[in-house]
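A.B. asks: Questions regarding the structure given below will be posed in turn.
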Amino acid sequence: MGSVVSHFNQFRGKGKVEEERRLRANDRPFNLSHGYANNAIKTSKYNIVTFLPLNLFEQFRRLANAYFLFLLILQLIPQISSLSWFTTAVPLIFVLSLSAAKDASDDINRHKSDKQVNNRRVDVLIDGQLKKEKWMNVQVGDIVKLESNEFVTADLLLLSSSEPLNLVYVETAELDGETNLKVKQALTATGEMEDNIEALAAFKGEVRCEPPNNRLDKFKGTLTVNSEIYALDNDKMLLRGCTLRNTEWCFGLVIFGGPDTKLMQNSGKSVFKRTSIDHLMNILVLCIFGFLASMCAIMAICNAVWEVKQGSVFTVFLPRERGIDAPLSSFLTFWSYVIVLNTVVPISLYVR
């Protein structure tokens, strides 16, 4: 999935670092005032407006592509280039187009996946009634009802379940790859509400806990109910990405939604990551650049020596342009050889 991201340093709606999460059950105005993320997720990198500039920026971070762009600029200078500019422009545009088409296809699939997940339905307790809501509309502090074999909507504090002792069984294969079922248990103070909708709608518990993070096996917080404070740990949490098994139903309080869930914290933001192969390619290209520059420098020096010793003899047959002396001629020759020997770096290096 990618890089591990922590939200300890993420700025919230009021421009402050979230050091502690505080929320109240069934109190959307209070929870929304803190600027917590809703339950929508976004794994795509681009949209219609940003695709072209961002994709080109990303492709030109690859040294070979940047080299051929620089080469194209050199070929537009008549004093240097002996080749037409389109000999580099056409292959470069072709290679960039192939890579862009592949990136666009991958991102379209991400958009489709995001849309499918965000539009899943779940029962949410709103105004004393259970209503079907899209996952992306679920907010921190909402109470949701899950049924057997349903995916866990967000990171939830388990409140009650259909099983004795308020136990639930979850499969965590999508989180940690383990297929064996894990047991979670609600607090007795909340488990007594069972599936009583009136009691759940009147529930005004307040949670104080750690901010969003990527630790799958740890959770610290407290729940205050009727002036009584109860400790919370990971055994009372249902994490997004889990599946409810062998349990008819359960109710949970949304603690973290969307990008703040531990699943998304571990998958990270959709950043433009550099793979180890990309790093290796860049190192190889730098080595090739060094070799190419050395060859061009040697030939430019030889040209300078020839210009000083023999060049003036041939000015009758090869007149020099006004203002071009031996040092300047050597400098221009260096870049001319860079153009002539450009095939040392294969333009299709990153196409795969």
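By convention here, the chains of the structure tokens are called A, B, ... in the order presented, each chain's residues are numbered starting at 1, and ligands are numbered starting at 1 in the order presented.
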In range 31-103 of chain A, what's helix (DSSP H, G or I) per DSSP? Answer as a VMD selection string?

C.D. replies: chain A and resid 31 to 32 51 to 59 63 to 75 86 to 103

A.B. asks: Write to file, as a CSV table (one decimal), in the first residue's frame, the residues of the selection just made, with C-alpha atoms.

C.D. replies:
chain,number,residue,atom,x,y,z
A,31,ASN,CA,-18.0,17.3,16.5
A,32,LEU,CA,-18.1,19.3,13.3
A,51,PHE,CA,-3.7,15.6,-14.6
A,52,LEU,CA,-1.6,17.2,-17.3
A,53,PRO,CA,0.5,19.6,-15.2
A,54,LEU,CA,1.0,17.1,-12.3
A,55,ASN,CA,1.7,14.1,-14.6
A,56,LEU,CA,4.2,16.1,-16.7
A,57,PHE,CA,5.9,17.4,-13.5
A,58,GLU,CA,6.2,13.8,-12.2
A,59,GLN,CA,7.5,12.5,-15.5
A,63,LEU,CA,16.3,12.4,-15.2
A,64,ALA,CA,16.2,10.8,-18.6
A,65,ASN,CA,13.0,12.7,-19.5
A,66,ALA,CA,14.5,15.9,-18.2
A,67,TYR,CA,17.6,15.2,-20.2
A,68,PHE,CA,15.7,14.9,-23.4
A,69,LEU,CA,13.7,18.0,-22.7
A,70,PHE,CA,17.0,19.9,-22.2
A,71,LEU,CA,18.3,18.3,-25.4
A,72,LEU,CA,15.2,19.5,-27.3
A,73,ILE,CA,15.9,23.1,-26.0
A,74,LEU,CA,19.5,22.8,-27.3
A,75,GLN,CA,18.3,21.7,-30.7
A,86,PHE,CA,11.6,17.1,-34.2
A,87,THR,CA,14.1,14.2,-34.1
A,88,THR,CA,14.0,14.5,-30.3
A,89,ALA,CA,10.5,16.1,-29.9
A,90,VAL,CA,8.6,13.2,-31.6
A,91,PRO,CA,10.1,10.3,-29.6
A,92,LEU,CA,9.9,12.4,-26.3
A,93,ILE,CA,6.2,13.2,-26.9
A,94,PHE,CA,5.5,9.5,-27.8
A,95,VAL,CA,7.2,8.2,-24.6
A,96,LEU,CA,5.5,10.8,-22.4
A,97,SER,CA,2.1,10.0,-23.9
A,98,LEU,CA,2.6,6.3,-23.3
A,99,SER,CA,3.4,6.9,-19.6
A,100,ALA,CA,0.6,9.4,-19.3
A,101,ALA,CA,-1.9,7.0,-20.8
A,102,LYS,CA,-0.9,4.3,-18.3
A,103,ASP,CA,-1.1,6.7,-15.4

A.B. asks: Applying 10 Å and only C-alpha atoms, which residues near Asp27 in chain A remain after dropping the ones on its own chain fewer than 4 positions away? List them as a PyMOL selection string.

C.D. replies: chain A and resi 23+31-32+140-142+203-206

A.B. asks: Next, the residues of the selection above should be written as a CSV table (one decimal), in the first residue's frame with C-alpha atoms.

C.D. replies:
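What landed in part06.csv:
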chain,number,residue,atom,x,y,z
A,23,LEU,CA,-16.0,14.0,20.6
A,31,ASN,CA,-18.0,17.3,16.5
A,32,LEU,CA,-18.1,19.3,13.3
A,140,VAL,CA,-17.3,11.5,13.7
A,141,GLY,CA,-19.6,10.9,16.7
A,142,ASP,CA,-22.3,9.1,14.7
A,203,PHE,CA,-26.5,8.2,24.7
A,204,LYS,CA,-24.3,11.3,25.3
A,205,GLY,CA,-21.0,9.7,26.1
A,206,GLU,CA,-17.9,11.8,25.6

A.B. asks: Which neighbours of range 230-234 of chain A fall inside 7 Å, counting only C-alpha atoms, when residues of the same chain fewer than 4 positions from it are skipped, and could you give them as a short mmCIF file (atom, residue, chain, number, x, y, z; two decimals) with C-alpha atoms, in the first residue's frame?

C.D. replies:
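Okay, this is what ended up in selection-v8.cif:
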data_model
loop_
_atom_site.label_atom_id
_atom_site.label_comp_id
_atom_site.auth_asym_id
_atom_site.auth_seq_id
_atom_site.Cartn_x
_atom_site.Cartn_y
_atom_site.Cartn_z
CA ASP A 217 -2.60 -2.73 17.66
CA LYS A 218 -2.81 0.23 20.04
CA PHE A 219 -5.50 2.65 21.13
CA LYS A 220 -5.69 4.80 24.23
CA GLY A 221 -8.61 6.88 25.41
CA THR A 222 -11.39 7.36 27.90
CA LEU A 223 -15.17 7.35 27.72
CA THR A 224 -17.15 9.52 30.11
#

A.B. asks: Please give the complete set of residues from range 140-341 of chain A that DSSP, run on the backbone, assigns to strand (DSSP E), formatted as a VMD selection string.

C.D. replies: chain A and resid 143 to 147 155 to 161 167 to 171 181 to 185 206 to 209 221 to 225 228 to 232 237 to 238 243 to 245 249 to 256

A.B. asks: Include N, CA and C atoms and write out the residues we just selected as a compact mmCIF listing (two decimals), in the first residue's frame.

C.D. replies:
# COMPACT_ATOMS: atom_id res chain seq x y z
N ILE A 143 -23.47 7.18 15.51
CA ILE A 143 -23.61 5.78 15.92
C ILE A 143 -24.14 4.99 14.73
N VAL A 144 -23.43 3.93 14.36
CA VAL A 144 -23.81 3.13 13.20
C VAL A 144 -24.11 1.70 13.65
N LYS A 145 -24.94 1.05 12.85
CA LYS A 145 -25.28 -0.35 13.10
C LYS A 145 -24.69 -1.21 11.99
N LEU A 146 -23.95 -2.23 12.38
CA LEU A 146 -23.39 -3.18 11.43
C LEU A 146 -24.07 -4.53 11.61
N GLU A 147 -24.20 -5.24 10.49
CA GLU A 147 -24.77 -6.59 10.53
C GLU A 147 -23.75 -7.59 10.05
N ASP A 155 -13.44 3.66 11.87
CA ASP A 155 -12.89 3.18 13.14
C ASP A 155 -13.92 3.46 14.23
N LEU A 156 -14.46 2.38 14.80
CA LEU A 156 -15.60 2.49 15.71
C LEU A 156 -15.23 2.04 17.12
N LEU A 157 -15.82 2.72 18.10
CA LEU A 157 -15.82 2.22 19.47
C LEU A 157 -17.04 1.33 19.61
N LEU A 158 -16.80 0.06 19.90
CA LEU A 158 -17.91 -0.89 20.04
C LEU A 158 -18.77 -0.51 21.24
N LEU A 159 -20.09 -0.39 21.01
CA LEU A 159 -21.02 -0.02 22.08
C LEU A 159 -21.80 -1.22 22.60
N SER A 160 -22.33 -2.01 21.69
CA SER A 160 -23.13 -3.17 22.10
C SER A 160 -23.20 -4.15 20.95
N SER A 161 -23.61 -5.37 21.25
CA SER A 161 -23.72 -6.38 20.19
C SER A 161 -24.78 -7.41 20.54
N LEU A 167 -19.75 -9.41 23.01
CA LEU A 167 -18.61 -9.77 22.19
C LEU A 167 -18.95 -9.62 20.72
N VAL A 168 -17.96 -9.38 19.90
CA VAL A 168 -18.10 -9.45 18.45
C VAL A 168 -16.88 -10.16 17.89
N TYR A 169 -17.06 -10.73 16.70
CA TYR A 169 -15.96 -11.43 16.03
C TYR A 169 -15.70 -10.74 14.69
N VAL A 170 -14.45 -10.38 14.47
CA VAL A 170 -14.11 -9.66 13.24
C VAL A 170 -12.97 -10.36 12.52
N GLU A 171 -13.02 -10.26 11.21
CA GLU A 171 -11.93 -10.76 10.36
C GLU A 171 -11.09 -9.56 9.93
N LEU A 181 -10.31 -15.23 13.17
CA LEU A 181 -11.19 -14.21 13.73
C LEU A 181 -10.64 -13.66 15.04
N LYS A 182 -10.85 -12.38 15.26
CA LYS A 182 -10.43 -11.74 16.51
C LYS A 182 -11.68 -11.32 17.29
N VAL A 183 -11.56 -11.33 18.61
CA VAL A 183 -12.68 -11.03 19.50
C VAL A 183 -12.54 -9.63 20.04
N LYS A 184 -13.63 -8.87 20.00
CA LYS A 184 -13.70 -7.55 20.61
C LYS A 184 -14.85 -7.54 21.60
N GLN A 185 -14.74 -6.70 22.61
CA GLN A 185 -15.77 -6.66 23.65
C GLN A 185 -16.07 -5.23 24.05
N GLU A 206 -18.92 10.96 26.12
CA GLU A 206 -17.86 11.79 25.56
C GLU A 206 -16.54 11.02 25.54
N VAL A 207 -15.90 11.01 24.39
CA VAL A 207 -14.65 10.28 24.22
C VAL A 207 -13.50 11.26 24.12
N ARG A 208 -12.44 10.99 24.86
CA ARG A 208 -11.17 11.68 24.70
C ARG A 208 -10.12 10.62 24.39
N CYS A 209 -9.41 10.79 23.30
CA CYS A 209 -8.48 9.75 22.89
C CYS A 209 -7.31 10.35 22.13
N GLY A 221 -7.61 5.84 25.26
CA GLY A 221 -8.61 6.88 25.41
C GLY A 221 -9.49 6.62 26.61
N THR A 222 -10.43 7.52 26.81
CA THR A 222 -11.39 7.36 27.90
C THR A 222 -12.78 7.69 27.39
N LEU A 223 -13.76 7.07 28.00
CA LEU A 223 -15.17 7.35 27.72
C LEU A 223 -15.82 7.82 29.00
N THR A 224 -16.45 8.99 28.94
CA THR A 224 -17.15 9.52 30.11
C THR A 224 -18.65 9.38 29.91
N VAL A 225 -19.28 8.65 30.81
CA VAL A 225 -20.73 8.43 30.74
C VAL A 225 -21.30 8.69 32.13
N GLU A 228 -19.02 9.08 35.00
CA GLU A 228 -18.13 7.94 35.21
C GLU A 228 -17.15 7.85 34.05
N ILE A 229 -15.86 7.61 34.37
CA ILE A 229 -14.83 7.55 33.34
C ILE A 229 -14.37 6.10 33.18
N TYR A 230 -14.36 5.63 31.92
CA TYR A 230 -13.95 4.27 31.61
C TYR A 230 -12.76 4.30 30.65
N ALA A 231 -11.80 3.44 30.91
CA ALA A 231 -10.61 3.37 30.04
C ALA A 231 -10.95 2.61 28.76
N LEU A 232 -10.40 3.07 27.66
CA LEU A 232 -10.60 2.42 26.36
C LEU A 232 -9.27 1.90 25.84
N MET A 237 -12.18 -1.56 20.00
CA MET A 237 -12.24 -0.85 18.73
C MET A 237 -12.47 -1.79 17.55
N LEU A 238 -13.33 -1.37 16.64
CA LEU A 238 -13.52 -2.06 15.36
C LEU A 238 -12.93 -1.14 14.28
N THR A 243 -14.13 -7.08 8.80
CA THR A 243 -15.45 -7.61 8.42
C THR A 243 -16.08 -8.27 9.63
N LEU A 244 -17.34 -7.95 9.89
CA LEU A 244 -18.05 -8.53 11.02
C LEU A 244 -18.44 -9.97 10.69
N ARG A 245 -18.08 -10.91 11.56
CA ARG A 245 -18.35 -12.33 11.34
C ARG A 245 -19.03 -12.93 12.57
N TRP A 249 -25.51 -8.57 14.84
CA TRP A 249 -25.45 -7.12 14.71
C TRP A 249 -24.58 -6.53 15.81
N CYS A 250 -24.18 -5.30 15.61
CA CYS A 250 -23.50 -4.55 16.66
C CYS A 250 -23.66 -3.06 16.38
N PHE A 251 -23.51 -2.26 17.41
CA PHE A 251 -23.54 -0.80 17.28
C PHE A 251 -22.16 -0.25 17.64
N GLY A 252 -21.74 0.78 16.90
CA GLY A 252 -20.45 1.38 17.18
C GLY A 252 -20.49 2.90 17.03
N LEU A 253 -19.62 3.57 17.79
CA LEU A 253 -19.50 5.02 17.74
C LEU A 253 -18.29 5.38 16.89
N VAL A 254 -18.50 6.23 15.88
CA VAL A 254 -17.41 6.60 14.97
C VAL A 254 -16.39 7.48 15.70
N ILE A 255 -15.15 7.00 15.75
CA ILE A 255 -14.05 7.75 16.38
C ILE A 255 -13.19 8.43 15.31
N PHE A 256 -12.81 7.66 14.30
CA PHE A 256 -12.02 8.20 13.19
C PHE A 256 -12.71 7.85 11.88

A.B. asks: Can you pull out the residues contacting range 324-340 of chain A? Cut-off 9 Å, using only C-alpha atoms, and skip same-chain residues under 6 positions away; I want them as number ranges by chain.

C.D. replies: A: 71-72, 74-75, 79-83, 292-293, 295-308, 311

A.B. asks: For a quick check of understanding, using only C-alpha atoms, which of A:Lys134, A:Pro164, A:Pro211, A:Arg61 has the smallest distance to Val17 in chain A?

C.D. replies: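 Of A:Lys134, A:Pro164, A:Pro211, A:Arg61, the one nearest Val17 in chain A, counting only C-alpha atoms, is A:Pro211.
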
A.B. asks: A:Val285, A:Ile48, A:Ala189, A:Ile41: which is nearest Trp135 in chain A, counting only C-alpha atoms?

C.D. replies: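 Checking each of A:Val285, A:Ile48, A:Ala189, A:Ile41 against Trp135 in chain A, counting only C-alpha atoms, the winner is A:Ile41.
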
A.B. asks: How many Å separate CA of Thr247 in chain A from CA of Ala186 in chain A?

C.D. replies: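 Answer for the CA of Thr247 in chain A to CA of Ala186 in chain A separation: 13.3 Å.
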